[in-house]
$ cat upload_32.pdb   # PDB, C-alpha atoms
ATOM      1  CA  CYS A 101       7.676  -2.669  24.013
ATOM      2  CA  HIS A 102       5.926   0.599  24.755
ATOM      3  CA  ASN A 103       4.764   1.035  21.179
ATOM      4  CA  SER A 104       1.227  -0.043  20.365
ATOM      5  CA  HIS A 105       1.330   0.995  16.698
ATOM      6  CA  TYR A 106       4.343  -0.788  15.202
ATOM      7  CA  ALA A 107       6.145  -4.113  15.400
ATOM      8  CA  GLU A 108       9.354  -5.541  14.066
ATOM      9  CA  ARG A 109       8.941  -6.547  10.454
ATOM     10  CA  SER A 110       7.192  -9.789   9.609
ATOM     11  CA  GLY A 111       9.635 -12.677   9.507
ATOM     12  CA  TYR A 112      12.158 -11.108  11.878
ATOM     13  CA  LEU A 113      12.008 -14.269  14.003
ATOM     14  CA  GLN A 114      13.616 -16.191  11.140
ATOM     15  CA  THR A 115      16.515 -13.738  10.770
ATOM     16  CA  VAL A 116      17.525 -14.343  14.397
ATOM     17  CA  ASN A 117      16.968 -18.131  14.234
ATOM     18  CA  PHE A 118      14.317 -17.958  16.937
ATOM     19  CA  PHE A 119      13.168 -21.573  16.775
ATOM     20  CA  GLU A 120      16.698 -22.946  16.392
ATOM     21  CA  GLN A 121      17.517 -21.507  19.826
ATOM     22  CA  LEU A 122      14.710 -23.476  21.527
ATOM     23  CA  ASP A 123      14.601 -27.092  22.693
ATOM     24  CA  PRO A 124      11.842 -28.767  20.631
ATOM     25  CA  SER A 125      11.481 -31.549  23.213
ATOM     26  CA  THR A 126      10.259 -29.270  26.008
ATOM     27  CA  VAL A 127       7.845 -26.436  26.724
ATOM     28  CA  THR A 128       9.539 -23.026  26.854
ATOM     29  CA  ILE A 129       8.277 -20.274  29.146
ATOM     30  CA  PHE A 130       8.489 -16.748  27.756
ATOM     31  CA  TYR A 131       8.751 -13.734  30.026
ATOM     32  CA  ASP A 132       8.011 -10.024  29.699
ATOM     33  CA  SER A 133      11.336  -8.537  28.564
ATOM     34  CA  VAL A 134      10.648  -5.384  30.594
ATOM     35  CA  CYS A 135       9.444  -6.603  34.008
ATOM     36  CA  GLY A 136      10.219 -10.337  33.885
ATOM     37  CA  ILE A 137       6.805 -11.921  34.587
ATOM     38  CA  PRO A 138       5.903 -15.148  32.724
ATOM     39  CA  LEU A 139       3.537 -14.560  29.790
ATOM     40  CA  PHE A 140       3.424 -17.587  27.500
ATOM     41  CA  ARG A 141       4.457 -21.236  27.457
ATOM     42  CA  ALA A 142       4.753 -23.154  24.229
ATOM     43  CA  PRO A 143       4.055 -25.466  22.697
ATOM     44  CA  VAL A 144       0.971 -26.558  24.641
ATOM     45  CA  GLY A 145      -1.720 -28.676  22.973
ATOM     46  CA  ARG A 146       0.257 -28.941  19.737
ATOM     47  CA  SER A 147       3.652 -30.072  18.562
ATOM     48  CA  PHE A 148       6.728 -27.885  18.361
ATOM     49  CA  ALA A 149       6.597 -28.238  14.561
ATOM     50  CA  GLU A 150       2.962 -27.048  14.456
ATOM     51  CA  TRP A 151       3.757 -24.045  16.636
ATOM     52  CA  GLU A 152       6.811 -23.187  14.523
ATOM     53  CA  GLU A 153       4.864 -23.556  11.267
ATOM     54  CA  GLU A 154       2.030 -21.299  12.444
ATOM     55  CA  SER A 155       4.403 -18.651  13.789
ATOM     56  CA  THR A 156       6.592 -18.668  10.700
ATOM     57  CA  SER A 157       3.624 -18.463   8.340
ATOM     58  CA  HIS A 158       2.278 -15.395  10.168
ATOM     59  CA  GLY A 159       5.694 -13.781  10.682
ATOM     60  CA  TRP A 160       5.606 -13.426  14.473
ATOM     61  CA  PRO A 161       5.615 -15.865  17.404
ATOM     62  CA  SER A 162       1.988 -16.958  17.686
ATOM     63  CA  PHE A 163       0.500 -18.277  20.900
ATOM     64  CA  ARG A 164      -2.926 -19.815  21.505
ATOM     65  CA  SER A 165      -5.137 -19.374  24.579
ATOM     66  CA  ALA A 166      -3.845 -22.582  26.203
ATOM     67  CA  GLU A 167      -0.298 -21.197  25.902
ATOM     68  CA  THR A 168      -1.131 -17.792  27.381
ATOM     69  CA  LEU A 169      -0.803 -17.051  31.089
ATOM     70  CA  GLN A 170      -4.053 -15.116  31.314
ATOM     71  CA  GLN A 171      -3.305 -13.787  34.820
ATOM     72  CA  ASN A 172      -0.284 -11.883  33.435
ATOM     73  CA  THR A 173      -1.798 -10.601  30.184
ATOM     74  CA  GLN A 174      -4.745  -8.481  29.163
ATOM     75  CA  VAL A 175      -6.426  -8.059  25.794
ATOM     76  CA  LEU A 176      -7.906  -4.657  25.053
ATOM     77  CA  PRO A 177     -11.154  -4.289  23.044
ATOM     78  CA  ASN A 178      -9.120  -3.374  19.924
ATOM     79  CA  GLY A 179      -7.189  -6.677  20.170
ATOM     80  CA  GLU A 180      -3.987  -5.192  21.551
ATOM     81  CA  ILE A 181      -2.392  -7.477  24.138
ATOM     82  CA  LEU A 182      -0.447  -6.066  27.077
ATOM     83  CA  SER A 183       1.368  -7.612  29.983
ATOM     84  CA  THR A 184      -0.048  -6.691  33.386
ATOM     85  CA  CYS A 185       3.130  -4.601  33.760
ATOM     86  CA  GLY A 186       1.857  -2.440  30.889
ATOM     87  CA  ALA A 187       4.246  -3.564  28.133
ATOM     88  CA  HIS A 188       2.740  -3.783  24.654
ATOM     89  CA  LEU A 189       3.168  -7.371  23.442
ATOM     90  CA  GLY A 190       1.297  -7.556  20.152
ATOM     91  CA  HIS A 191      -2.245  -8.249  18.988
ATOM     92  CA  ASN A 192      -4.895 -10.929  19.107
ATOM     93  CA  LEU A 193      -5.671 -11.931  15.526
ATOM     94  CA  PRO A 194      -8.332 -14.643  15.885
ATOM     95  CA  ASP A 195      -8.806 -17.214  13.160
ATOM     96  CA  SER A 196     -10.955 -20.317  12.678
ATOM     97  CA  ALA A 197      -9.035 -22.108  15.479
ATOM     98  CA  GLY A 198      -9.701 -19.308  18.008
ATOM     99  CA  ASP A 199      -7.591 -16.594  19.570
ATOM    100  CA  ARG A 200      -4.092 -16.248  18.104
ATOM    101  CA  TYR A 201      -1.762 -13.872  19.902
ATOM    102  CA  CYS A 202       0.895 -12.541  17.510
ATOM    103  CA  ILE A 203       3.665 -11.257  19.728
ATOM    104  CA  ASN A 204       6.550  -8.904  19.019
ATOM    105  CA  LEU A 205       9.693 -10.947  19.498
ATOM    106  CA  VAL A 206      11.510  -8.062  21.199
ATOM    107  CA  CYS A 207       8.888  -8.009  23.967
ATOM    108  CA  ILE A 208       9.421 -11.559  25.198
ATOM    109  CA  ALA A 209      12.464 -13.207  26.738
ATOM    110  CA  GLY A 210      13.322 -16.867  27.222
ATOM    111  CA  SER A 211      14.429 -16.384  30.806
ATOM    112  CA  ARG A 212      13.333 -14.375  33.823
ATOM    113  CA  LYS A 213      14.870 -10.960  34.324
ATOM    114  CA  ASP A 214      16.391 -12.038  37.663
ATOM    115  CA  ASP A 215      18.149 -14.997  35.963
ATOM    116  CA  HIS A 216      20.589 -12.580  34.337
ATOM    117  CA  HIS A 217      23.619 -11.527  36.314
ATOM    118  CA  GLU A 218      25.463  -8.320  35.685
ATOM    119  CA  LEU A 219      29.099  -8.705  34.695
TER     120      LEU A 219
END

$ encode --input "upload_32.pdb" --output "structure tokens"
Amino acid sequence: CHNSHYAERSGYLQTVNFFEQLDPSTVTIFYDSVCGIPLFRAPVGRSFAEWEEESTSHGWPSFRSAETLQQNTQVLPNGEILSTCGAHLGHNLPDSAGDRYCINLVCIAGSRKDDHHEL
């Protein structure tokens, strides 16, 4: 997550069954996998199926502006998106529907860092 030039390969989210691990009947909050702050919540303003279809077609989890916690993210002039902790998250690749944040799966977590207990 400290690499602004490369990402996991397109489609990686399918090899780890990303969407199958989520509850399609609720909104999931995604956290910075380095510092634990909330970054995105999805789906918001669209169905789970629409979010899954868009993400799968582009190869990375894709979040829209309404799903992005703007106070915890920043978009650089070149489109790179960072968490306010400084972790590289991915890039903004706008399309006809507006901003689309394509995020590296390894840089987001489905639970807060403090929710994990050491064994």

$ residues_around --input "upload_32.pdb" --residues "segment 160-173 of chain A" --least-positions-apart "2" --cutoff "8 Å" --atoms "all atoms listed in the file" --output "VMD selection string"
chain A and resid 110 to 113 137 to 145 151 to 152 154 to 156 158 175 181 to 184 198 to 205

$ atom_distance --input "upload_32.pdb" --atom1 "atom CA of Leu122 of chain A" --atom2 "atom CA of Gly136 of chain A"
18.6 Å

$ atom_distance --input "upload_32.pdb" --atom1 "atom CA of Glu120 of chain A" --atom2 "atom CA of Ala187 of chain A"
25.9 Å

$ atom_distance --input "upload_32.pdb" --atom1 "atom CA of Pro177 of chain A" --atom2 "atom CA of Ile208 of chain A"
21.9 Å

$ axis_aligned_box --input "upload_32.pdb" --around "segment 122-125 of chain A" --padding-each-side "6 Å" --output "JSON"
{"center_x": 13.1, "center_y": -27.5, "center_z": 21.9, "size_x": 15.2, "size_y": 20.1, "size_z": 14.6}

$ decode --input "upload_32.pdb" --residues "segment 186-197 of chain A" --atoms "all heavy atoms" --output "PDB file, in the first residue's frame"
ATOM      1  N   GLY A 186      -1.702   8.316   4.487  1.00  0.00           N
ATOM      2  CA  GLY A 186      -0.623   8.272   3.517  1.00  0.00           C
ATOM      3  C   GLY A 186      -0.543   7.001   2.698  1.00  0.00           C
ATOM      4  O   GLY A 186       0.321   6.882   1.832  1.00  0.00           O
ATOM      5  N   ALA A 187      -1.425   6.035   2.929  1.00  0.00           N
ATOM      6  CA  ALA A 187      -1.391   4.785   2.170  1.00  0.00           C
ATOM      7  C   ALA A 187      -1.937   5.014   0.762  1.00  0.00           C
ATOM      8  O   ALA A 187      -2.975   5.651   0.589  1.00  0.00           O
ATOM      9  CB  ALA A 187      -2.203   3.707   2.873  1.00  0.00           C
ATOM     10  N   HIS A 188      -1.231   4.502  -0.221  1.00  0.00           N
ATOM     11  CA  HIS A 188      -1.719   4.526  -1.604  1.00  0.00           C
ATOM     12  C   HIS A 188      -2.887   3.555  -1.695  1.00  0.00           C
ATOM     13  O   HIS A 188      -2.792   2.406  -1.283  1.00  0.00           O
ATOM     14  CB  HIS A 188      -0.612   4.101  -2.564  1.00  0.00           C
ATOM     15  CG  HIS A 188      -1.102   3.833  -3.948  1.00  0.00           C
ATOM     16  ND1 HIS A 188      -1.353   4.853  -4.837  1.00  0.00           N
ATOM     17  CD2 HIS A 188      -1.404   2.684  -4.580  1.00  0.00           C
ATOM     18  CE1 HIS A 188      -1.787   4.317  -5.972  1.00  0.00           C
ATOM     19  NE2 HIS A 188      -1.821   3.014  -5.844  1.00  0.00           N
ATOM     20  N   LEU A 189      -4.009   4.024  -2.257  1.00  0.00           N
ATOM     21  CA  LEU A 189      -5.202   3.179  -2.364  1.00  0.00           C
ATOM     22  C   LEU A 189      -5.504   2.764  -3.795  1.00  0.00           C
ATOM     23  O   LEU A 189      -6.024   1.674  -4.025  1.00  0.00           O
ATOM     24  CB  LEU A 189      -6.416   3.908  -1.788  1.00  0.00           C
ATOM     25  CG  LEU A 189      -6.298   4.344  -0.326  1.00  0.00           C
ATOM     26  CD1 LEU A 189      -7.486   5.205   0.064  1.00  0.00           C
ATOM     27  CD2 LEU A 189      -6.148   3.134   0.582  1.00  0.00           C
ATOM     28  N   GLY A 190      -5.215   3.610  -4.744  1.00  0.00           N
ATOM     29  CA  GLY A 190      -5.544   3.334  -6.135  1.00  0.00           C
ATOM     30  C   GLY A 190      -5.605   4.627  -6.910  1.00  0.00           C
ATOM     31  O   GLY A 190      -4.879   5.572  -6.601  1.00  0.00           O
ATOM     32  N   HIS A 191      -6.525   4.678  -7.887  1.00  0.00           N
ATOM     33  CA  HIS A 191      -6.638   5.863  -8.739  1.00  0.00           C
ATOM     34  C   HIS A 191      -8.090   6.197  -9.032  1.00  0.00           C
ATOM     35  O   HIS A 191      -8.943   5.315  -9.071  1.00  0.00           O
ATOM     36  CB  HIS A 191      -5.889   5.650 -10.056  1.00  0.00           C
ATOM     37  CG  HIS A 191      -4.418   5.699  -9.882  1.00  0.00           C
ATOM     38  ND1 HIS A 191      -3.667   4.603  -9.492  1.00  0.00           N
ATOM     39  CD2 HIS A 191      -3.548   6.722 -10.021  1.00  0.00           C
ATOM     40  CE1 HIS A 191      -2.407   4.959  -9.405  1.00  0.00           C
ATOM     41  NE2 HIS A 191      -2.291   6.236  -9.719  1.00  0.00           N
ATOM     42  N   ASN A 192      -8.329   7.479  -9.269  1.00  0.00           N
ATOM     43  CA  ASN A 192      -9.621   7.947  -9.727  1.00  0.00           C
ATOM     44  C   ASN A 192      -9.608   7.863 -11.250  1.00  0.00           C
ATOM     45  O   ASN A 192      -8.782   8.497 -11.900  1.00  0.00           O
ATOM     46  CB  ASN A 192      -9.868   9.387  -9.269  1.00  0.00           C
ATOM     47  CG  ASN A 192     -11.204   9.920  -9.735  1.00  0.00           C
ATOM     48  OD1 ASN A 192     -12.108   9.164 -10.071  1.00  0.00           O
ATOM     49  ND2 ASN A 192     -11.345  11.228  -9.741  1.00  0.00           N
ATOM     50  N   LEU A 193     -10.518   7.065 -11.794  1.00  0.00           N
ATOM     51  CA  LEU A 193     -10.636   6.904 -13.235  1.00  0.00           C
ATOM     52  C   LEU A 193     -12.055   7.300 -13.626  1.00  0.00           C
ATOM     53  O   LEU A 193     -12.933   6.454 -13.784  1.00  0.00           O
ATOM     54  CB  LEU A 193     -10.336   5.453 -13.644  1.00  0.00           C
ATOM     55  CG  LEU A 193      -8.951   4.941 -13.227  1.00  0.00           C
ATOM     56  CD1 LEU A 193      -8.824   3.458 -13.506  1.00  0.00           C
ATOM     57  CD2 LEU A 193      -7.859   5.728 -13.922  1.00  0.00           C
ATOM     58  N   PRO A 194     -12.301   8.625 -13.738  1.00  0.00           N
ATOM     59  CA  PRO A 194     -13.657   9.103 -14.011  1.00  0.00           C
ATOM     60  C   PRO A 194     -14.205   8.551 -15.321  1.00  0.00           C
ATOM     61  O   PRO A 194     -13.458   8.287 -16.263  1.00  0.00           O
ATOM     62  CB  PRO A 194     -13.499  10.619 -14.091  1.00  0.00           C
ATOM     63  CG  PRO A 194     -12.167  10.928 -13.506  1.00  0.00           C
ATOM     64  CD  PRO A 194     -11.330   9.706 -13.687  1.00  0.00           C
ATOM     65  N   ASP A 195     -15.523   8.392 -15.346  1.00  0.00           N
ATOM     66  CA  ASP A 195     -16.210   7.993 -16.564  1.00  0.00           C
ATOM     67  C   ASP A 195     -17.456   8.858 -16.714  1.00  0.00           C
ATOM     68  O   ASP A 195     -17.592   9.867 -16.013  1.00  0.00           O
ATOM     69  CB  ASP A 195     -16.528   6.496 -16.544  1.00  0.00           C
ATOM     70  CG  ASP A 195     -17.404   6.069 -15.384  1.00  0.00           C
ATOM     71  OD1 ASP A 195     -18.054   6.932 -14.748  1.00  0.00           O
ATOM     72  OD2 ASP A 195     -17.467   4.866 -15.097  1.00  0.00           O
ATOM     73  N   SER A 196     -18.360   8.488 -17.580  1.00  0.00           N
ATOM     74  CA  SER A 196     -19.540   9.312 -17.847  1.00  0.00           C
ATOM     75  C   SER A 196     -20.444   9.468 -16.626  1.00  0.00           C
ATOM     76  O   SER A 196     -21.223  10.414 -16.554  1.00  0.00           O
ATOM     77  CB  SER A 196     -20.341   8.727 -19.008  1.00  0.00           C
ATOM     78  OG  SER A 196     -20.783   7.419 -18.691  1.00  0.00           O
ATOM     79  N   ALA A 197     -20.336   8.576 -15.648  1.00  0.00           N
ATOM     80  CA  ALA A 197     -21.142   8.662 -14.420  1.00  0.00           C
ATOM     81  C   ALA A 197     -20.456   9.478 -13.326  1.00  0.00           C
ATOM     82  O   ALA A 197     -21.025   9.685 -12.265  1.00  0.00           O
ATOM     83  CB  ALA A 197     -21.469   7.265 -13.902  1.00  0.00           C
TER      84      ALA A 197
END
